[in-house]
Amino acid sequence: MEPLLDRLGRPLETLRVSVTDRCNFRCVYCMPKEVFGREYAFLDRKELLSLEEIARVAGVFAQLGVKTVRITGGEPLVRKNVEHLIELLAAIERPDGSKLELALTTNGAVLADKAEALAAAGLDRVTVSLDSLDDASFRAMNDVDFPVQRVLDGIDAAAAAGLPVKVNAVVKRGVNDHDIAALAGHFRGTGHVLRFIEFMDVGTTNGWQLEDVVTADEIVERIGARWPLEPVALESPDATARRFRYGDGAGEIGVIASVTKPFCGACSRARLSAEGRLYTCLFAARGHDLRAPLRSGATDTELAEKLRGVWSRRTDRYSELRTSETATLQKVEMSYIGG
Ligand SMILES: C[S@@+](CC[C@H](N)C(=O)[O-])C[C@H]1O[C@@H](n2cnc3c(N)ncnc32)[C@H](O)[C@@H]1O
Ligand code: SF4
């Protein structure tokens with residue numbers, strides 16, 4: 001099958017699906033409490049795509065070349081019966097007869113209870129966000145006083161259920177950068193790949209400033225000073241993380257340098273919001289409505305035509321064009337569009 005390319009020659013390969021805009025955390029860099037308190041206008045139940053509607057859209061995406069679907073949010077594990085969505089996605093066949101690769105990104109709060117059911121439903125791997133091992137810093141970052149140990153239990157449960165685990169840590173200067181080496185030390189030798197993410201100017205509410213970004217180079221330098229690191233080849237051309245392996249064989253780390261070394265050039269990701277809007281960039285201001293056609297009887301062929309049209313016109317490369325001015329532009333919130 002000919003790959004579907006956008007205007008910059010980038011193929012469509014991954015679909016990220018936000019299954020809810022709600023979250024049981026209020027991470028300071030994502031859904032700060034001052035903005036996302038109780039009154040925040042979260043989507044109404046009927047505005048959300050149903051699990052069946054999501055699976056239908058994913059099926060059409062699979063016909064257009066998508067290989068991987070990542071379920072995210074908000075917090076995907078607060079969406080009722082998300083396991084059923086995994087079952088529906090696991091039943092989709094790609095044009096060559098293969099299955100979709102199914103991944104999920106979670107804050108891990110309820111993963112200990114759900115890991116087994118997720119694995120049984122057909123999930124292939126999980127990414128757990130964990131920004132600090134220091135309980136006080138972790139509670140302050142999630143801003144709902146959630147203890148770090150329950151996330152660590154979630155990671156253990158996922159591994160016990162046979163799910164490969166990656167751990168994502170967003171680093172914000174002065175907030176958790178003191179914990180970089182401890183995180184690295186904790187996950188060295190466990191087989192779980194730890195990836196550090198530069199703090200990004202997603203949405204318009206997180207008060208982003210360039211000074212708060214701890215660069216990927218600085219992170220690698222700090223860890224490398226303690227445990228020597230060597231670069232590893234990229235996993236795939238559109239991989240978001242640069243990889244480094246410990247010289248002593250204790251595994252590897254990754255750094256996602258979306259601010260200092262943007263990777264728009266090979267970005268093959270489409271994003272579906274919880275209410276069924278298709279975004280072609282994490283930093284987009286507007287999406288393309290798929291819910292209306294879905295609910296007014298569009299056929300799969302008509303949906304495919306719409307997706308093909310959107311992707312083939314795509315020119316987004318926000319991170320490569322980022323300046324201190326663009327940081328204040330109107331952009332969709334990350335909790336709504338999915339990380
Ligand atoms: C929006 S969350 C959604 C999934 C789930 N709630 C979680 O936290 O893993 C997806 C990822 O985006 C990351 N993230 C959120 N805000 C960010 C920001 N401003 N800069 C960099 N990464 C961010 C989170 O740390 C998480 O790893
Ligand atoms: S990063 Fe994830 S856990 Fe934290 S507030 Fe955003 S959606 Fe929730």
# chains A, B, ... in the order shown; residues from 1 in each chain; ligands from 1

$ residues_near_ligand --ligand "ligand 2" --cutoff "9 Å" --atoms "only C-alpha atoms and all ligand atoms" --output "NGL selection string"
:A and (21-32 or 72-76 or 105-109 or 129 or 141-143 or 170 or 334-336 or 338-339)

$ select_by_dssp --residues "stretch 122-281 of chain A" --states "strand (DSSP E)" --output "number ranges by chain"
A: 125-129, 165-171, 193-198, 229-232, 242-246, 252-256, 269-272, 277-279

$ write_last_selection --atoms "N, CA and C atoms" --output "compact mmCIF listing (two decimals), in the first residue's frame"
# COMPACT_ATOMS: atom_id res chain seq x y z
N ARG A 125 1.63 -2.43 25.40
CA ARG A 125 2.64 -1.80 26.25
C ARG A 125 2.05 -0.58 26.93
N VAL A 126 2.75 -0.12 27.97
CA VAL A 126 2.22 1.00 28.74
C VAL A 126 3.34 2.00 29.04
N THR A 127 2.98 3.28 29.02
CA THR A 127 3.90 4.33 29.45
C THR A 127 3.31 4.97 30.69
N VAL A 128 4.10 5.01 31.76
CA VAL A 128 3.61 5.59 33.01
C VAL A 128 4.35 6.91 33.26
N SER A 129 3.59 7.95 33.54
CA SER A 129 4.22 9.24 33.83
C SER A 129 4.57 9.30 35.31
N VAL A 165 7.10 -1.70 30.07
CA VAL A 165 6.80 -0.40 30.70
C VAL A 165 7.86 0.63 30.32
N LYS A 166 7.39 1.81 29.90
CA LYS A 166 8.29 2.96 29.82
C LYS A 166 7.82 3.95 30.86
N VAL A 167 8.75 4.74 31.38
CA VAL A 167 8.40 5.74 32.40
C VAL A 167 8.77 7.11 31.84
N ASN A 168 7.81 8.04 31.86
CA ASN A 168 8.03 9.40 31.36
C ASN A 168 8.13 10.37 32.52
N ALA A 169 9.17 11.20 32.53
CA ALA A 169 9.27 12.24 33.56
C ALA A 169 9.41 13.60 32.88
N VAL A 170 8.47 14.50 33.15
CA VAL A 170 8.60 15.87 32.67
C VAL A 170 9.47 16.61 33.68
N VAL A 171 10.47 17.36 33.19
CA VAL A 171 11.35 18.06 34.12
C VAL A 171 11.10 19.56 34.06
N VAL A 193 12.33 1.46 30.54
CA VAL A 193 13.08 2.58 29.96
C VAL A 193 12.52 3.89 30.49
N LEU A 194 13.41 4.68 31.09
CA LEU A 194 13.02 5.98 31.65
C LEU A 194 13.29 7.04 30.60
N ARG A 195 12.31 7.89 30.35
CA ARG A 195 12.48 8.96 29.38
C ARG A 195 12.16 10.30 30.01
N PHE A 196 13.06 11.23 29.83
CA PHE A 196 12.85 12.58 30.36
C PHE A 196 12.29 13.46 29.25
N ILE A 197 11.29 14.28 29.60
CA ILE A 197 10.64 15.14 28.62
C ILE A 197 10.89 16.59 28.98
N GLU A 198 11.35 17.37 28.00
CA GLU A 198 11.48 18.81 28.25
C GLU A 198 10.10 19.42 28.46
N LEU A 229 27.24 7.25 29.73
CA LEU A 229 26.19 6.92 28.75
C LEU A 229 26.77 6.97 27.35
N GLU A 230 26.24 6.13 26.47
CA GLU A 230 26.60 6.24 25.05
C GLU A 230 25.34 6.26 24.19
N PRO A 231 25.34 7.05 23.09
CA PRO A 231 24.14 7.16 22.26
C PRO A 231 23.80 5.85 21.56
N VAL A 232 22.51 5.62 21.37
CA VAL A 232 22.01 4.43 20.67
C VAL A 232 21.23 4.94 19.46
N ARG A 242 15.46 10.55 21.91
CA ARG A 242 16.85 10.16 21.60
C ARG A 242 17.26 9.20 22.69
N ARG A 243 17.99 8.14 22.33
CA ARG A 243 18.29 7.07 23.30
C ARG A 243 19.76 7.05 23.69
N PHE A 244 20.01 6.67 24.94
CA PHE A 244 21.38 6.52 25.45
C PHE A 244 21.43 5.26 26.30
N ARG A 245 22.54 4.48 26.14
CA ARG A 245 22.64 3.28 26.98
C ARG A 245 23.73 3.47 28.03
N TYR A 246 23.49 2.87 29.20
CA TYR A 246 24.50 2.90 30.25
C TYR A 246 25.69 2.05 29.82
N GLU A 252 18.87 1.50 29.40
CA GLU A 252 18.98 2.76 28.67
C GLU A 252 18.00 3.81 29.18
N ILE A 253 18.27 5.04 28.78
CA ILE A 253 17.32 6.14 29.05
C ILE A 253 16.99 6.82 27.71
N GLY A 254 15.97 7.64 27.71
CA GLY A 254 15.65 8.43 26.53
C GLY A 254 15.42 9.87 26.94
N VAL A 255 15.62 10.77 25.99
CA VAL A 255 15.27 12.17 26.25
C VAL A 255 14.42 12.69 25.09
N ILE A 256 13.36 13.37 25.45
CA ILE A 256 12.43 13.89 24.45
C ILE A 256 12.60 15.40 24.44
N ARG A 269 2.29 11.56 13.48
CA ARG A 269 1.19 11.37 14.44
C ARG A 269 -0.04 12.23 14.16
N ALA A 270 -1.19 11.57 14.17
CA ALA A 270 -2.46 12.29 14.15
C ALA A 270 -3.07 12.14 15.54
N ARG A 271 -3.88 13.11 15.93
CA ARG A 271 -4.46 13.10 17.28
C ARG A 271 -5.97 13.27 17.22
N LEU A 272 -6.66 12.41 17.94
CA LEU A 272 -8.12 12.47 17.99
C LEU A 272 -8.52 12.91 19.40
N ARG A 277 -12.45 15.43 17.50
CA ARG A 277 -11.81 16.35 16.57
C ARG A 277 -10.43 15.82 16.23
N LEU A 278 -10.08 15.94 14.99
CA LEU A 278 -8.79 15.44 14.52
C LEU A 278 -7.80 16.59 14.46
N TYR A 279 -6.68 16.44 15.17
CA TYR A 279 -5.63 17.46 15.18
C TYR A 279 -4.39 16.87 14.51

$ atom_distance --atom1 "atom CA of A:Leu163" --atom2 "atom CA of A:Ala55"
21.7 Å

$ atom_distance --atom1 "atom CA of A:Ala159" --atom2 "atom CA of A:Leu104"
13.8 Å

$ closest_residue --among "A:Lys99, A:Arg150, A:Lys46, A:Lys172" --to "ligand 1" --atoms "only C-alpha atoms and all ligand atoms"
A:Lys172

$ select_by_dssp --residues "stretch 170-328 of chain A" --states "alpha helix (DSSP H)" --output "MDAnalysis selection string"
chainID A and resid 180:187 216:226 291:295 300:312 318:321

$ residues_around --residues "stretch 9-19 of chain A" --least-positions-apart "5" --cutoff "9 Å" --atoms "only C-alpha atoms" --output "VMD selection string"
chain A and resid 3 to 4 48 to 51 54 58 61 to 62 64 to 77 79 82 265 to 276 311 to 312 335 to 339

$ residues_around --residues "stretch 187-191 of chain A" --least-positions-apart "3" --cutoff "7 Å" --atoms "only C-alpha atoms" --output "ChimeraX atom specification"
/A:183-184,194,250-251

$ write_last_selection --atoms "N, CA, C and O atoms" --output "PDB file, in the first residue's frame"
ATOM      1  N   LEU A 183      15.801   9.303  39.913  1.00  0.00           N
ATOM      2  CA  LEU A 183      14.916   8.567  38.992  1.00  0.00           C
ATOM      3  C   LEU A 183      15.752   7.602  38.149  1.00  0.00           C
ATOM      4  O   LEU A 183      15.403   6.426  37.997  1.00  0.00           O
ATOM      5  N   ALA A 184      16.866   8.123  37.617  1.00  0.00           N
ATOM      6  CA  ALA A 184      17.725   7.279  36.779  1.00  0.00           C
ATOM      7  C   ALA A 184      18.227   6.086  37.603  1.00  0.00           C
ATOM      8  O   ALA A 184      18.173   4.935  37.155  1.00  0.00           O
ATOM      9  N   LEU A 194      13.409   4.677  31.093  1.00  0.00           N
ATOM     10  CA  LEU A 194      13.020   5.977  31.650  1.00  0.00           C
ATOM     11  C   LEU A 194      13.295   7.043  30.604  1.00  0.00           C
ATOM     12  O   LEU A 194      14.382   7.080  30.016  1.00  0.00           O
ATOM     13  N   ALA A 250      23.412  -1.460  32.286  1.00  0.00           N
ATOM     14  CA  ALA A 250      22.221  -1.424  33.146  1.00  0.00           C
ATOM     15  C   ALA A 250      20.983  -0.876  32.424  1.00  0.00           C
ATOM     16  O   ALA A 250      20.059  -0.389  33.061  1.00  0.00           O
ATOM     17  N   GLY A 251      20.985  -0.954  31.086  1.00  0.00           N
ATOM     18  CA  GLY A 251      19.792  -0.529  30.352  1.00  0.00           C
ATOM     19  C   GLY A 251      19.978   0.805  29.664  1.00  0.00           C
ATOM     20  O   GLY A 251      21.110   1.200  29.376  1.00  0.00           O
TER      21      GLY A 251
END
